[in-house]
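Here the structure comes first, spelled out in structure tokens, and everything after it is commentary.
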There are 4 protein chains.
Amino acid sequence: MPSEIRDPSLAPQGRARTAWARRQMPVLTDLAETVASKGTLRGVRVAVCAHVTTETAVLVAAMRAAGAEAVVCASNPLSTQDDVAAHLAVDLGLPVFAIRGEDAAQCARHVDRCLEELAAGAPAALRLIVDDGADLSAALHGPHRALLPSVAGATEETTTGLIRLRALLAEGLLGFPVVAVNDARTKRFFDNRHGTGQNTIDGVLRATNMLLAGSRVVVCGYGWCGRGIAARARGMGAQVTVCEVAPIPALEAVMDGFEVLPIEQAAARGDLFVTATGNRDVIRREHFPLMKDGAILANSGHFDLEIDVAALRGLAVARRPAREHVEEYELPNGRRVYLLAEGRLVGQAAAEASPAAVMDMSFANQLLAVDYLAARARGGRLAPGIYPVPPELDEEIARRKLAAMGVGIDRLTVEQERYLGSWQMPETVAV
Amino acid sequence: MPSEIRDPSLAPQGRARTAWARRQMPVLTDLAETVASKGTLRGVRVAVCAHVTTETAVLVAAMRAAGAEAVVCASNPLSTQDDVAAHLAVDLGLPVFAIRGEDAAQCARHVDRCLEELAAGAPAALRLIVDDGADLSAALHGPHRALLPSVAGATEETTTGLIRLRALLAEGLLGFPVVAVNDARTKRFFDNRHGTGQNTIDGVLRATNMLLAGSRVVVCGYGWCGRGIAARARGMGAQVTVCEVAPIPALEAVMDGFEVLPIEQAAARGDLFVTATGNRDVIRREHFPLMKDGAILANSGHFDLEIDVAALRGLAVARRPAREHVEEYELPNGRRVYLLAEGRLVGQAAAEASPAAVMDMSFANQLLAVDYLAARARGGRLAPGIYPVPPELDEEIARRKLAAMGVGIDRLTVEQERYLGSWQMPETVAV
Amino acid sequence: MPSEIRDPSLAPQGRARTAWARRQMPVLTDLAETVASKGTLRGVRVAVCAHVTTETAVLVAAMRAAGAEAVVCASNPLSTQDDVAAHLAVDLGLPVFAIRGEDAAQCARHVDRCLEELAAGAPAALRLIVDDGADLSAALHGPHRALLPSVAGATEETTTGLIRLRALLAEGLLGFPVVAVNDARTKRFFDNRHGTGQNTIDGVLRATNMLLAGSRVVVCGYGWCGRGIAARARGMGAQVTVCEVAPIPALEAVMDGFEVLPIEQAAARGDLFVTATGNRDVIRREHFPLMKDGAILANSGHFDLEIDVAALRGLAVARRPAREHVEEYELPNGRRVYLLAEGRLVGQAAAEASPAAVMDMSFANQLLAVDYLAARARGGRLAPGIYPVPPELDEEIARRKLAAMGVGIDRLTVEQERYLGSWQMPETVAV
Amino acid sequence: MPSEIRDPSLAPQGRARTAWARRQMPVLTDLAETVASKGTLRGVRVAVCAHVTTETAVLVAAMRAAGAEAVVCASNPLSTQDDVAAHLAVDLGLPVFAIRGEDAAQCARHVDRCLEELAAGAPAALRLIVDDGADLSAALHGPHRALLPSVAGATEETTTGLIRLRALLAEGLLGFPVVAVNDARTKRFFDNRHGTGQNTIDGVLRATNMLLAGSRVVVCGYGWCGRGIAARARGMGAQVTVCEVAPIPALEAVMDGFEVLPIEQAAARGDLFVTATGNRDVIRREHFPLMKDGAILANSGHFDLEIDVAALRGLAVARRPAREHVEEYELPNGRRVYLLAEGRLVGQAAAEASPAAVMDMSFANQLLAVDYLAARARGGRLAPGIYPVPPELDEEIARRKLAAMGVGIDRLTVEQERYLGSWQMPETVAV
């Protein structure tokens, strides 16, 4: 077994925790049976770059149960749960390349190893990518370009990854079809908003045990993630300030009752800062000296570039650990700011990533997207491009989730269907 | 002057109230100057079918100041503010056909009169429609078809109207270009959510003075309007139940913390029911007998068909006024339910429609859409179809609104712009 | 009939609206039967100084049904509903002294008239006061002192009134027992918080139709009223700032997620200001010039002194009506601020005071307090002083309210009762 | 050194974490200097029974800095942080008796050891108790009665402890004065509501990583703790049901927008149950079989008796660990329920107890209460009884906390002070 993991003896713990997650993922589990019975994934090789968490383990097991051969690497060096990596490698016998806390070089090498494993197997095998941040896809369009023609397509889980892939497409370089799983409504309305929303609060509390009530929380970015974070910070008693670059979301934040300020003004007010923008340098060199003594900095965006950590390091006169996942930076003005999880995704690094109940839907989308790419690839039809998850699959996932939660909804009557399809003046009520 | 209004002597009161609204509509007011200086609307004839409120008066005055000749009729017989109608007719000298409480026949005749006035004037004049519920547009595709070729296009303010126009388009019958003002983000994110959200609460309180805290409110429809109503009902202390037909919004409601039930189950729980779906018969014959004694029924959807008032009347053994805008229906089971505003838009009928501060954006979109249609029509280019408000106009409105509110936002740095356009692996922070 | 009211012909409207309120006051209505059957109030003369609203009419009718002879005057010249005054005078045949909008002199004269009527009747009759702001009580300790010995006690409905009565007590001047109805938990936890909370929002919306979403609302005072207002303003989408003089409530406001600022700093931020402190000059001369152009000022405290209206009038260079209940004040700096309802209770003046569903409990306390005073007075035992509503009556009201709402709660088991009465170390669970 | 702790080598970690907490406890730290300078605590022996957390370490260090000799034992076997115990024993050289996870027998023995150490030292030394749940106080009135006369008084931190001590007092057995720290407003309004509120959510998330959004959370008890938990569960997107035995809090819960049900009905609805009542058997044998498969049970009350764990164990057909702090119980009906932290305080056992920022105030009350008892004891004056924290100390703590947070509040003007002290009719505004 070619895996590179921390410690195979952690497998039983990973197995138990994965079983806990699986109980909250009924939609994915049920769909896996449907896909297995169709046989679309039989013999397909899938390279999965993802946060190596219990939920990912449920997805990988589901694909494997449907006949796929999977290989796994980590989309983030700090989010890997070593017990889960061991479970996948030992119990499922998969090639896994993921060690919590690995450095950038090792991380890059693991991407290479993952693609090498993808390349192995029967030459004619159908090969697919499940990506989270577009690292595998970017490598296939860069150093691993030779492998690109043999890959039938990819799925992408994140806003950040789609920004990169759309840039590839805009330059005319994209070499395969990509399903934008992130943009599925049953993904971004839930995973981004409620999953990241909760795991960010959770990560901050585990790292700091700070009191949110009465604190001032600055949320940078009012996309789905930022909305989920801002709503929960308020729900825990914080005063929330939002920073934005786009006018319409900024105005939404105002009308949702939040204070909206440019980061330069917000910098002096925050007790806690959270970035969730998909951009870089959102909090940067000029902002750190404006902050209060004791300010706490966390990131929930995909890359560890949203807070300019390099600039913070350059600026600081001293730097020391304060608690697990908390590093103190002493600034020339004598104030201290605290960086959580090295500026990496705080909910993944300091907590356990998004709860299984939302990943159930995100990964149901992944499974159906992989199934869709495999089915289409056999017909040889999909041109390079970025494709949505088909809306009827998206709706079906929501329908199954509601059923699993025991929630009933209404159905349109025949008259209602007809009314919605008509342009004639309705006869309104005679007074 | 051909106007048909209640009482011209109300003009001074309408003028004063309109001045109050204008103060909160700085975006529309500023844009009116821009449009006037371009001269696009000079000599254009515009038929406006809308709620005859102070905000509409500000819009009509803005179009007139930009050179257009306007004629006005009411989109709803119960929302007309007679003092505003008088102000438009007397102070601005416009043809106005709107009398609060007019019956269906008179209402239809006023649509006819409005289109006849539109047809008047120079034969070659450019003619446009500003619609709210698609009544003018439907009439132009039905009894007034002869006039259709001379009309260069229309704008549509509502979800309901767009449903009708899309049905026309689907049947291949749509005869002119329509700008979907309702779908502009600066319209539906604000007017539908926050405007209707507030005016519904306001209308219910004025009609009933009921205590929302501790009451059970059932909101039918979790679109933008429903979301705004549900959030505010909760914010006033109510327990909120949501009814939906679409699985994804239903699941959003669940995760936003609301109880979701089919209307058949919700019927027995509600103290107050509010419909906001764009559909008909959402609460119907079989639901009334399930309700608690004292249940209150209100509608915030465009047409008075969302609650099946005809069925309620057929069912009731007695019917009597209880308060202004409140009618008691005694059911065969001895229970009494109370219908607000005859099932018409409760916020328009019992309160004053959406606040000027949101209509500022909706009507800025209307003004720019009319300007856009006029400019394009002179070039002779727009085919029949349904067009979005151009996104850059949409953003510009938000930008101006933020500026008017004194809210600053961030700008992208050069590095950030570049980063968002790149697919290369970013160099993340070396640990 | 000695009444002084606006127009007797309004009685039918007042009767209908009172019937609407009565439906939502089941606790008071039921208790009235109990009190009537005991006969404690038979022949008792009660002077009621209160907001002359439909809910007060239900209380007065209940006392009358229980055998009391009531006489009524208004606790506030702007809150009187003339149709209700007519209903009480015409349909119930009571002496009523209340005309909406009466000036201060007439208001004072009506207090005199009310006490003169109280003095009438059999010399030996038991006389009681039901007060709202302590105007009758203060008059009995001042100009009407001669009548004081014949009055067996009073009840007081408001925070403001109790402040005055406690000052009387502290000076050793209080001449009869007072039941502090305001302090009953079923009164202040509900009427002050939820009743005033809602009627303030309602009053502001009716007066202005302003958009609360995205506006900055400054609430002065974080007592029960202020909490209810602040929570609802937030629930409607506003950003809320709280001003306080007491450190513990101020800290509670901070931890509830509100911004807390001294009024001097808050003055420049607010779009809407609401006072609810029980104090005077909370917003005063030095604050007005700091305000934004367009700022709106409202009061929800008992007296029209919380905003220093006299100072505002002195300061303004011009003053003109803007809408009903809205007066524009132009300041020397060119900015305009808008005063609602002349600085009087905005929810009483511009809306309909607190909803019947909360007044049900407040007035159930009033009825039981009057019953208690009458019963004790017959025994000749109660010394001058300020007495709480007996806790078992307070609890009984809550218990009946829950039952009327169909809400069930738990009962203690025998073991639980025993446990709560024991100090012994419980045996905790063996691991 | 007589300490009994897990591992002295953990001291450095405990020291670092305690330093982190101290930064957020400026009020306690400042007051410690004041008390030290007065010298009241010099030579006083204090037995502290508390959760052995970083915040407790800050309190103990503060008392020691003020001259007291402290001895420490744990108020709960699952909340002890072994690194903090090591820090107190090794770095401060105190007798500490606390080992995380110790069994009931060892726990009881540690209470004995703690009191033996208290008894040591100069016979004439002033001895005091700082208690959390009244375990030391109960032991002094039971097996350690001989020591009672030499103890000058106690403070009590919890609702549960005060219930026990009031039972002692009611039986005429209480042998010393007790300061009810729990009842200080700067304690219960913040620690109970916001501290326990947050640490309960935190504990549940760390134990389960469950998604709160869309889940049904049942909160038993609507006291300060329950309110804090319910508000935050809602703030995280849950639907919350409240169970209560007292009608007034139940009605408050209803009007705060929560569903209120008897536990028997709520049992079938909850995904998560949290008890916070101070009572026992709140969730008991008859309720478990009603629960949904997968229901999660947590307790935030002082003792592990609120959920009847013994009954659950008796009922279950199988019992197995599911995750750390999560135990699965399989019921005869085939459903599985999950008990967190063995039914002990979930925020203390699975998370890190209340944040330092609220404990700052709770422990400032403790310090001032100990100072007060010591000062009074030297004067020999305090009779057995239960005493409040003097209100001026309570206010002073809030005032200092606001100052430390940089929050300014208003001061009464001279006119306002005078107004609040007057009963005369104020001259209201002449219209």
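Ordering of the structure tokens sets the chain letters (A, B, ...), residue numbers begin anew at 1 in every chain, and ligands are numbered from 1 in the order given.
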Handout entry: Test item, helix (DSSP H, G or I) assignment across segment 46-267 of chain D, answer as a ChimeraX atom specification
Key = /D:54-65,82-91,104-119,135-140,145-150,159-170,181-183,185-208,224-235,247-255,263-266
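Any residue of chain A with an atom within 6 Å of chain C counts; using only C-alpha atoms, that gives Ala213, Gly214, Gly237, Ala238, Gln239, Val254, Met255, Asp256 and Gly257 of chain A.
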Suppose we keep N, CA and C atoms; can you now write the selection as a PDB file, in the first residue's frame?
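Final file, out_22.pdb:
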ATOM      1  N   ALA A 213     -20.503  37.044  23.492  1.00  0.00           N
ATOM      2  CA  ALA A 213     -21.483  38.050  23.923  1.00  0.00           C
ATOM      3  C   ALA A 213     -20.760  39.343  24.270  1.00  0.00           C
ATOM      4  N   GLY A 214     -21.213  40.429  23.671  1.00  0.00           N
ATOM      5  CA  GLY A 214     -20.630  41.724  23.978  1.00  0.00           C
ATOM      6  C   GLY A 214     -19.342  42.018  23.246  1.00  0.00           C
ATOM      7  N   GLY A 237     -24.556  36.764  20.536  1.00  0.00           N
ATOM      8  CA  GLY A 237     -24.501  37.967  21.358  1.00  0.00           C
ATOM      9  C   GLY A 237     -23.451  38.989  20.970  1.00  0.00           C
ATOM     10  N   ALA A 238     -22.773  38.776  19.835  1.00  0.00           N
ATOM     11  CA  ALA A 238     -21.745  39.738  19.424  1.00  0.00           C
ATOM     12  C   ALA A 238     -22.358  40.907  18.665  1.00  0.00           C
ATOM     13  N   GLN A 239     -21.653  42.035  18.665  1.00  0.00           N
ATOM     14  CA  GLN A 239     -21.939  43.133  17.742  1.00  0.00           C
ATOM     15  C   GLN A 239     -21.114  42.886  16.493  1.00  0.00           C
ATOM     16  N   VAL A 254     -26.222  45.904   5.404  1.00  0.00           N
ATOM     17  CA  VAL A 254     -26.790  47.047   6.130  1.00  0.00           C
ATOM     18  C   VAL A 254     -28.250  46.777   6.485  1.00  0.00           C
ATOM     19  N   MET A 255     -29.014  46.300   5.505  1.00  0.00           N
ATOM     20  CA  MET A 255     -30.449  46.109   5.729  1.00  0.00           C
ATOM     21  C   MET A 255     -30.714  44.868   6.589  1.00  0.00           C
ATOM     22  N   ASP A 256     -29.733  43.974   6.675  1.00  0.00           N
ATOM     23  CA  ASP A 256     -29.841  42.860   7.622  1.00  0.00           C
ATOM     24  C   ASP A 256     -29.481  43.314   9.034  1.00  0.00           C
ATOM     25  N   GLY A 257     -29.175  44.597   9.185  1.00  0.00           N
ATOM     26  CA  GLY A 257     -28.959  45.154  10.526  1.00  0.00           C
ATOM     27  C   GLY A 257     -27.511  45.201  10.975  1.00  0.00           C
TER      28      GLY A 257
END
Exercise for the section: Quick one: everything within 7 Å of Arg344 of chain D, counting only C-alpha atoms, minus sequence neighbours fewer than 3 positions away in the same chain. Send it as a PyMOL selection string. Expected result: chain D and resi 299+303-304+341+349
Quick one: residues within 9 Å of Asp112 of chain D, only C-alpha atoms, excluding same-chain residues fewer than 2 positions away - as a PDB file with N, CA and C atoms, in the first residue's frame?
ATOM      1  N   CYS D 107     -13.793  11.601  44.904  1.00  0.00           N
ATOM      2  CA  CYS D 107     -14.279  12.964  44.932  1.00  0.00           C
ATOM      3  C   CYS D 107     -14.674  13.345  46.363  1.00  0.00           C
ATOM      4  N   ALA D 108     -15.402  12.474  47.032  1.00  0.00           N
ATOM      5  CA  ALA D 108     -15.830  12.736  48.410  1.00  0.00           C
ATOM      6  C   ALA D 108     -14.611  12.804  49.332  1.00  0.00           C
ATOM      7  N   ARG D 109     -13.666  11.920  49.093  1.00  0.00           N
ATOM      8  CA  ARG D 109     -12.456  11.919  49.920  1.00  0.00           C
ATOM      9  C   ARG D 109     -11.684  13.229  49.731  1.00  0.00           C
ATOM     10  N   HIS D 110     -11.717  13.765  48.536  1.00  0.00           N
ATOM     11  CA  HIS D 110     -11.009  15.025  48.281  1.00  0.00           C
ATOM     12  C   HIS D 110     -11.678  16.191  49.001  1.00  0.00           C
ATOM     13  N   CYS D 114      -9.686  18.379  51.703  1.00  0.00           N
ATOM     14  CA  CYS D 114      -9.686  19.833  51.590  1.00  0.00           C
ATOM     15  C   CYS D 114     -10.042  20.465  52.935  1.00  0.00           C
ATOM     16  N   LEU D 115     -11.052  19.895  53.581  1.00  0.00           N
ATOM     17  CA  LEU D 115     -11.462  20.445  54.882  1.00  0.00           C
ATOM     18  C   LEU D 115     -10.407  20.160  55.953  1.00  0.00           C
ATOM     19  N   GLU D 116      -9.732  19.029  55.861  1.00  0.00           N
ATOM     20  CA  GLU D 116      -8.631  18.748  56.804  1.00  0.00           C
ATOM     21  C   GLU D 116      -7.520  19.782  56.666  1.00  0.00           C
ATOM     22  N   GLU D 117      -7.241  20.129  55.416  1.00  0.00           N
ATOM     23  CA  GLU D 117      -6.198  21.145  55.203  1.00  0.00           C
ATOM     24  C   GLU D 117      -6.669  22.502  55.722  1.00  0.00           C
ATOM     25  N   LEU D 136     -18.801  21.722  50.238  1.00  0.00           N
ATOM     26  CA  LEU D 136     -18.036  21.962  51.460  1.00  0.00           C
ATOM     27  C   LEU D 136     -18.974  22.372  52.586  1.00  0.00           C
ATOM     28  N   ALA D 139     -20.822  19.371  53.907  1.00  0.00           N
ATOM     29  CA  ALA D 139     -19.933  18.515  54.690  1.00  0.00           C
ATOM     30  C   ALA D 139     -19.690  19.118  56.075  1.00  0.00           C
ATOM     31  N   PRO D 143     -20.666  15.442  58.223  1.00  0.00           N
ATOM     32  CA  PRO D 143     -19.520  14.699  58.818  1.00  0.00           C
ATOM     33  C   PRO D 143     -18.454  15.593  59.445  1.00  0.00           C
ATOM     34  N   HIS D 144     -18.273  16.806  58.912  1.00  0.00           N
ATOM     35  CA  HIS D 144     -17.216  17.677  59.448  1.00  0.00           C
ATOM     36  C   HIS D 144     -17.776  18.732  60.406  1.00  0.00           C
TER      37      HIS D 144
END
Practice task
Could you check which of B:Met359, B:Met210, B:Cys243, B:Ala146 is closest to Lys401 of chain B, using only C-alpha atoms?
Solution key: B:Met359
Problem - Long-range neighbours of Val178 of chain B as an NGL selection string, 12 Å cut-off, only C-alpha atoms, 3 positions minimum in chain - result: :B and (128-131 or 134 or 137 or 151-157 or 161-162 or 164-166 or 168-169 or 174-175 or 181-183 or 366 or 369-370 or 372-374 or 377 or 382-389)
